[in-house]
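Take a look at the structure set out below.
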Amino acid sequence: MRSLRVRATGPLTLVEDLGRRGGSGIGVGRSGAADRAALTQGNRALGNPEGTAALEVTFGGLEVEVAGDLLWCCVTGAPGEVSVDGRGVGSHNLVSVRPGEVVAIAPPWAGLRSYLCVRGGIAAEEVLGSRSRDVLSGLGPAPVAEGDVLPVGPSGGEWSAVDSVRIPDLDASEMTLD
């Protein structure tokens, strides 16, 4: 089983997708990724459906070890240093990570939230149609903690291993999320 073993979380790391829709009538807010365009960009680059769950990392500090099998990932959102086993790979790149290698996201140069998207997505349990954490209500998966093992969903086919592929920055005004 492909998974991520959490070694460090930084100030706050949450599982987020595009949020819950249609629950405001019963008092359930949408929640979801703070930067929906960045989440969508990472998922598109990996061939995931747009609403696939990822890790929202507030001000860096996340370190995860890949377990199981080769995993493709992409860090989008706030730009900063991203490394795999100490080797700089940069943000906004498609990167293959082998089992036992550690992906680390440093505090960003600009902005606040980065998104670690993985091919297949984070397979957290859905609550009211979303895998997102609503920090105000406590709905959804608990904040990510050191020692957690996060399962990765099926990817619908594997890609061959290469070091990395740069993806172009997308203009958020061109994206539709509804």
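By order in the structure tokens, chains are A, B, ...; within a chain, residues start at 1; ligands start at 1, following the order shown.
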**OP:** Excluding stretch 135-149 of chain A and residues on its chain fewer than 2 positions from it, collect all residues at most 12 Å away from it, counting only C-alpha atoms, and give them as a ChimeraX atom specification.
**Re:** /A:1-17,19-20,27-34,53-58,61-68,122-133,151-152
Original post:
Near A:Gly77, within 6 Å and counting only C-alpha atoms, which residues show up once chain neighbours fewer than 4 positions away are dropped, as a VMD selection string?
Top reply: chain A and resid 38 114 to 115
Would you write out those residues with all heavy atoms, as a tab-separated table (two decimals), in the first residue's frame?
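Now in out.tsv:
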chain	number	residue	atom	x	y	z
A	38	ALA	N	-4.48	26.71	-6.38
A	38	ALA	CA	-3.23	25.97	-6.21
A	38	ALA	C	-3.49	24.47	-6.08
A	38	ALA	O	-2.76	23.65	-6.66
A	38	ALA	CB	-2.46	26.48	-4.99
A	114	SER	N	1.13	26.05	1.16
A	114	SER	CA	1.59	25.21	0.05
A	114	SER	C	0.76	23.94	0.07
A	114	SER	O	0.21	23.56	1.10
A	114	SER	CB	3.07	24.85	0.22
A	114	SER	OG	3.87	26.00	0.30
A	115	TYR	N	0.70	23.27	-1.07
A	115	TYR	CA	-0.10	22.06	-1.20
A	115	TYR	C	0.79	20.94	-1.72
A	115	TYR	O	1.38	21.06	-2.79
A	115	TYR	CB	-1.29	22.28	-2.15
A	115	TYR	CG	-2.25	23.25	-1.54
A	115	TYR	CD1	-2.05	24.62	-1.68
A	115	TYR	CD2	-3.31	22.81	-0.76
A	115	TYR	CE1	-2.90	25.53	-1.05
A	115	TYR	CE2	-4.15	23.72	-0.13
A	115	TYR	CZ	-3.93	25.07	-0.29
A	115	TYR	OH	-4.77	25.96	0.34
Original post:
When distances are computed from only C-alpha atoms, which of A:Gly120, A:Gly60, A:Gly88, A:Gly51 shows the smallest separation from A:Pro108?
Top reply: A:Gly60
Original post:
DSSP says helix (DSSP H, G or I) for which residues of chain A? Put them as an MDAnalysis selection string?
Top reply: chainID A and resid 24:26 36:46 172:174
Could you save the residues just selected, with C-alpha atoms, as an mmCIF file, in the first residue's frame?
data_model
loop_
_atom_site.group_PDB
_atom_site.id
_atom_site.type_symbol
_atom_site.label_atom_id
_atom_site.label_comp_id
_atom_site.auth_asym_id
_atom_site.auth_seq_id
_atom_site.Cartn_x
_atom_site.Cartn_y
_atom_site.Cartn_z
ATOM 1 C CA SER A 24 -25.092 25.795 4.556
ATOM 2 C CA GLY A 25 -28.832 25.170 5.103
ATOM 3 C CA ILE A 26 -27.960 22.759 7.921
ATOM 4 C CA ARG A 36 -8.405 26.328 -4.423
ATOM 5 C CA ALA A 37 -6.526 27.358 -7.576
ATOM 6 C CA ALA A 38 -3.227 25.968 -6.208
ATOM 7 C CA LEU A 39 -4.879 22.684 -5.205
ATOM 8 C CA THR A 40 -6.510 22.405 -8.624
ATOM 9 C CA GLN A 41 -3.201 23.170 -10.374
ATOM 10 C CA GLY A 42 -1.364 20.400 -8.516
ATOM 11 C CA ASN A 43 -4.101 17.872 -9.172
ATOM 12 C CA ARG A 44 -4.289 18.732 -12.866
ATOM 13 C CA ALA A 45 -0.515 18.359 -13.218
ATOM 14 C CA LEU A 46 -0.714 14.874 -11.676
ATOM 15 C CA ALA A 172 -5.773 31.483 -11.549
ATOM 16 C CA SER A 173 -8.197 33.757 -13.386
ATOM 17 C CA GLU A 174 -8.436 31.110 -16.140
#
Subject >> Every residue of chain A that DSSP places in strand (DSSP E or B), as an MDAnalysis selection string >> reply: chainID A and resid 3:9 12:16 54:58 62:67 71:77 82:84 87:88 93:97 102:105 113:118 122 127 130 134 139 149:152 164:166
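Distances to A:Leu70 were evaluated for A:Gly86, A:Pro99, A:Pro49, A:Gly153 using only C-alpha atoms, and the minimum falls at A:Pro99.
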